[in-house]
$ cat final_23.cif   # mmCIF, C-alpha atoms and all ligand atoms
data_my_file
loop_
_atom_site.group_PDB
_atom_site.id
_atom_site.type_symbol
_atom_site.label_atom_id
_atom_site.label_comp_id
_atom_site.auth_asym_id
_atom_site.auth_seq_id
_atom_site.Cartn_x
_atom_site.Cartn_y
_atom_site.Cartn_z
ATOM 1 C CA MET Y 1 5.260 2.599 3.366
ATOM 2 C CA PRO Y 2 7.057 -0.440 2.061
ATOM 3 C CA ILE Y 3 8.862 -2.889 4.284
ATOM 4 C CA TYR Y 4 12.388 -3.643 3.202
ATOM 5 C CA GLU Y 5 14.163 -6.791 4.189
ATOM 6 C CA TYR Y 6 17.907 -6.701 4.678
ATOM 7 C CA ARG Y 7 20.448 -9.459 5.037
ATOM 8 C CA PRO Y 8 24.071 -9.099 6.120
ATOM 9 C CA VAL Y 9 26.618 -9.458 3.340
ATOM 10 C CA LYS Y 10 28.882 -11.449 5.636
ATOM 11 C CA ALA Y 11 28.303 -12.638 9.195
ATOM 12 C CA GLY Y 12 26.121 -10.256 11.178
ATOM 13 C CA CYS Y 13 25.086 -9.825 14.772
ATOM 14 C CA SER Y 14 22.084 -11.394 16.472
ATOM 15 C CA TYR Y 15 19.900 -8.619 15.046
ATOM 16 C CA CYS Y 16 20.907 -8.716 11.399
ATOM 17 C CA GLY Y 17 22.370 -12.230 11.199
ATOM 18 C CA LYS Y 18 19.170 -13.853 9.949
ATOM 19 C CA GLY Y 19 17.894 -10.790 8.171
ATOM 20 C CA PHE Y 20 15.690 -8.001 9.481
ATOM 21 C CA ASP Y 21 12.815 -5.883 8.229
ATOM 22 C CA VAL Y 22 12.750 -2.109 8.151
ATOM 23 C CA LEU Y 23 9.786 0.109 7.422
ATOM 24 C CA GLN Y 24 11.122 2.848 5.163
ATOM 25 C CA LYS Y 25 9.765 5.604 3.026
ATOM 26 C CA ILE Y 26 10.475 5.158 -0.658
ATOM 27 C CA SER Y 27 12.394 8.433 -0.558
ATOM 28 C CA GLU Y 28 14.721 7.185 2.193
ATOM 29 C CA PRO Y 29 18.070 5.837 1.097
ATOM 30 C CA LEU Y 30 18.645 2.115 1.419
ATOM 31 C CA LEU Y 31 20.588 0.952 4.446
ATOM 32 C CA GLN Y 32 24.185 0.113 3.739
ATOM 33 C CA SER Y 33 24.983 -1.317 7.148
ATOM 34 C CA CYS Y 34 23.333 -2.886 10.160
ATOM 35 C CA PRO Y 35 22.133 -0.171 12.588
ATOM 36 C CA ARG Y 36 23.415 -2.270 15.515
ATOM 37 C CA CYS Y 37 26.737 -3.790 14.521
ATOM 38 C CA GLY Y 38 27.591 -1.885 11.379
ATOM 39 C CA ALA Y 39 28.052 -5.003 9.255
ATOM 40 C CA GLY Y 40 27.439 -4.449 5.569
ATOM 41 C CA VAL Y 41 23.899 -5.341 4.552
ATOM 42 C CA ARG Y 42 22.069 -5.612 1.284
ATOM 43 C CA ARG Y 43 18.398 -5.386 0.571
ATOM 44 C CA VAL Y 44 16.565 -8.517 -0.431
ATOM 45 C CA ILE Y 45 13.171 -8.679 -2.073
ATOM 46 C CA SER Y 46 11.056 -10.316 0.564
ATOM 47 C CA SER Y 47 8.171 -12.555 -0.334
ATOM 48 C CA PHE Y 48 6.062 -10.551 2.090
ATOM 49 C CA SER Y 49 6.368 -7.210 0.318
ATOM 50 C CA ALA Y 50 6.003 -8.909 -3.069
ATOM 51 C CA CYS Y 51 2.796 -10.420 -1.782
ATOM 52 C CA VAL Y 52 1.259 -7.167 -0.522
ATOM 53 C CA SER Y 53 2.188 -5.111 -3.577
ATOM 54 C CA GLY Y 54 -0.860 -6.385 -5.433
ATOM 55 C CA PRO Y 55 -4.318 -4.890 -5.021
ATOM 56 C CA SER Y 56 -4.756 -4.257 -1.308
ATOM 57 C CA PRO Y 57 -7.764 -5.720 0.515
ATOM 58 C CA GLU Y 58 -8.768 -2.157 1.279
ATOM 59 C CA SER Y 59 -9.115 -1.119 -2.352
ATOM 60 C CA ALA Y 60 -10.810 -4.403 -3.161
ATOM 61 C CA SER Y 61 -13.455 -3.826 -0.528
ATOM 62 C CA LEU Y 62 -13.833 -0.209 -1.592
ATOM 63 C CA ASP Y 63 -14.528 -1.362 -5.121
ATOM 64 C CA GLY Y 64 -16.953 -3.943 -3.799
ATOM 65 C CA ARG Y 65 -18.827 -1.333 -1.771
ATOM 66 C CA LEU Y 66 -18.955 1.015 -4.768
ATOM 67 C CA ASN Y 67 -20.339 -1.746 -6.927
ATOM 68 C CA ASP Y 68 -22.898 -2.566 -4.240
ATOM 69 C CA PHE Y 69 -24.086 1.039 -4.013
ATOM 70 C CA GLU Y 70 -24.202 1.386 -7.785
ATOM 71 C CA SER Y 71 -26.075 -1.857 -8.322
ATOM 72 C CA GLU Y 72 -28.605 -0.768 -5.685
ATOM 73 C CA GLY Y 73 -28.959 2.620 -7.330
ATOM 74 C CA LYS Y 74 -27.569 4.439 -4.307
ATOM 75 C CA TRP Y 75 -25.745 6.899 -6.508
ATOM 76 C CA SER Y 76 -25.141 9.588 -3.901
ATOM 77 C CA HIS Y 77 -23.614 7.013 -1.537
ATOM 78 C CA ALA Y 78 -21.428 5.676 -4.311
ATOM 79 C CA ALA Y 79 -20.449 9.197 -5.354
ATOM 80 C CA GLU Y 80 -19.467 10.158 -1.824
ATOM 81 C CA LEU Y 81 -17.413 7.009 -1.394
ATOM 82 C CA ALA Y 82 -15.711 7.443 -4.751
ATOM 83 C CA ASP Y 83 -15.068 11.082 -3.957
ATOM 84 C CA LYS Y 84 -13.387 10.235 -0.634
ATOM 85 C CA ALA Y 85 -11.298 7.574 -2.340
ATOM 86 C CA GLY Y 86 -10.069 10.116 -4.881
ATOM 87 C CA LEU Y 87 -11.904 8.494 -7.796
ATOM 88 C CA LYS Y 88 -13.009 11.832 -9.209
ATOM 89 C CA GLU Y 89 -14.382 10.654 -12.533
ATOM 90 C CA ARG Y 90 -16.385 7.882 -10.960
ATOM 91 C CA ALA Y 91 -17.653 10.294 -8.318
ATOM 92 C CA MET Y 92 -18.771 12.789 -10.981
ATOM 93 C CA ASP Y 93 -20.463 10.019 -12.875
ATOM 94 C CA ASP Y 94 -22.298 8.835 -9.785
ATOM 95 C CA TYR Y 95 -23.221 12.373 -8.741
ATOM 96 C CA LYS Y 96 -24.811 12.906 -12.161
ATOM 97 C CA LYS Y 97 -26.759 9.675 -11.848
ATOM 98 C CA ALA Y 98 -27.845 10.791 -8.367
ATOM 99 C CA GLY Y 99 -29.396 13.826 -10.001
ATOM 100 C CA TYR Y 100 -26.828 16.454 -9.140
ATOM 101 C CA ASN Y 101 -26.072 19.059 -11.756
ATOM 102 C CA PHE Y 102 -22.679 20.640 -12.064
HETATM 103 ZN ZN ZN R 201 24.165 -6.470 12.836
#
$ encode --input "final_23.cif" --output "structure tokens"
Amino acid sequence: MPIYEYRPVKAGCSYCGKGFDVLQKISEPLLQSCPRCGAGVRRVISSFSACVSGPSPESASLDGRLNDFESEGKWSHAAELADKAGLKERAMDDYKKAGYNF
């Protein structure tokens, strides 16, 4: 879920005055006003969310672990990991190398 940063359009209260962050689903509509004082707010692109939108550390380490398994010839481990991560093609590939027949 992305974090959206909002700033008041004019003067806000102590909550929204300096900007505030809200965790929202992408499907949720953007806030139009401060939930506390009702002042009009607009969304700003925060440096934080811009910074985490790149490859996440999680997927980087997953890739690293897959590469480790594959370079060590642990195909069934790699296949299982790829399978859990939803990398179907890579999983199939690794399963085949592990000796499984489909
Ligand atoms: Zn406010």
$ residues_near_ligand --input "final_23.cif" --ligand "ligand ZN 201 (chain R)" --cutoff "10 Å" --atoms "only C-alpha atoms and all ligand atoms" --output "list in words"
Arg7, Pro8, Lys10, Ala11, Gly12, Cys13, Ser14, Tyr15, Cys16, Gly17, Lys18, Gly19, Phe20, Ser33, Cys34, Pro35, Arg36, Cys37, Gly38, Ala39, Gly40 and Val41 of chain Y
$ atom_distance --input "final_23.cif" --atom1 "atom CA of Ala78 of chain Y" --atom2 "atom CA of Leu62 of chain Y"
10.0 Å
$ atom_distance --input "final_23.cif" --atom1 "atom CA of Met1 of chain Y" --atom2 "atom CA of Ala85 of chain Y"
18.2 Å
$ residues_near_point --input "final_23.cif" --point "(21.4, -3.5, 2.3)" --cutoff "6 Å" --atoms "all atoms listed in the file" --output "list in words"
Tyr6, Leu31, Gln32, Val41, Arg42 and Arg43 of chain Y
$ resolve_selection --input "final_23.cif" --expression "the PyMOL selection byres (((chain Y and resi 94-99) around 7) and not hetatm)" --output "list of chain:residue names"
Y:Trp75, Y:Ser76, Y:Ala78, Y:Ala79, Y:Arg90, Y:Ala91, Y:Met92, Y:Asp93, Y:Tyr100, Y:Asn101
$ write_last_selection --input "final_23.cif" --atoms "C-alpha atoms" --output "short mmCIF file (atom, residue, chain, number, x, y, z; two decimals), in the coordinates of the input"
data_model
loop_
_atom_site.label_atom_id
_atom_site.label_comp_id
_atom_site.auth_asym_id
_atom_site.auth_seq_id
_atom_site.Cartn_x
_atom_site.Cartn_y
_atom_site.Cartn_z
CA TRP Y 75 -25.74 6.90 -6.51
CA SER Y 76 -25.14 9.59 -3.90
CA ALA Y 78 -21.43 5.68 -4.31
CA ALA Y 79 -20.45 9.20 -5.35
CA ARG Y 90 -16.39 7.88 -10.96
CA ALA Y 91 -17.65 10.29 -8.32
CA MET Y 92 -18.77 12.79 -10.98
CA ASP Y 93 -20.46 10.02 -12.88
CA TYR Y 100 -26.83 16.45 -9.14
CA ASN Y 101 -26.07 19.06 -11.76
#
$ atom_distance --input "final_23.cif" --atom1 "atom CA of Ala60 of chain Y" --atom2 "atom CA of Ile3 of chain Y"
21.1 Å
$ closest_residue --input "final_23.cif" --among "Y:Leu66, Y:Val22, Y:Ser71, Y:Pro29" --to "Lys84 of chain Y" --atoms "all atoms listed in the file"
Y:Leu66
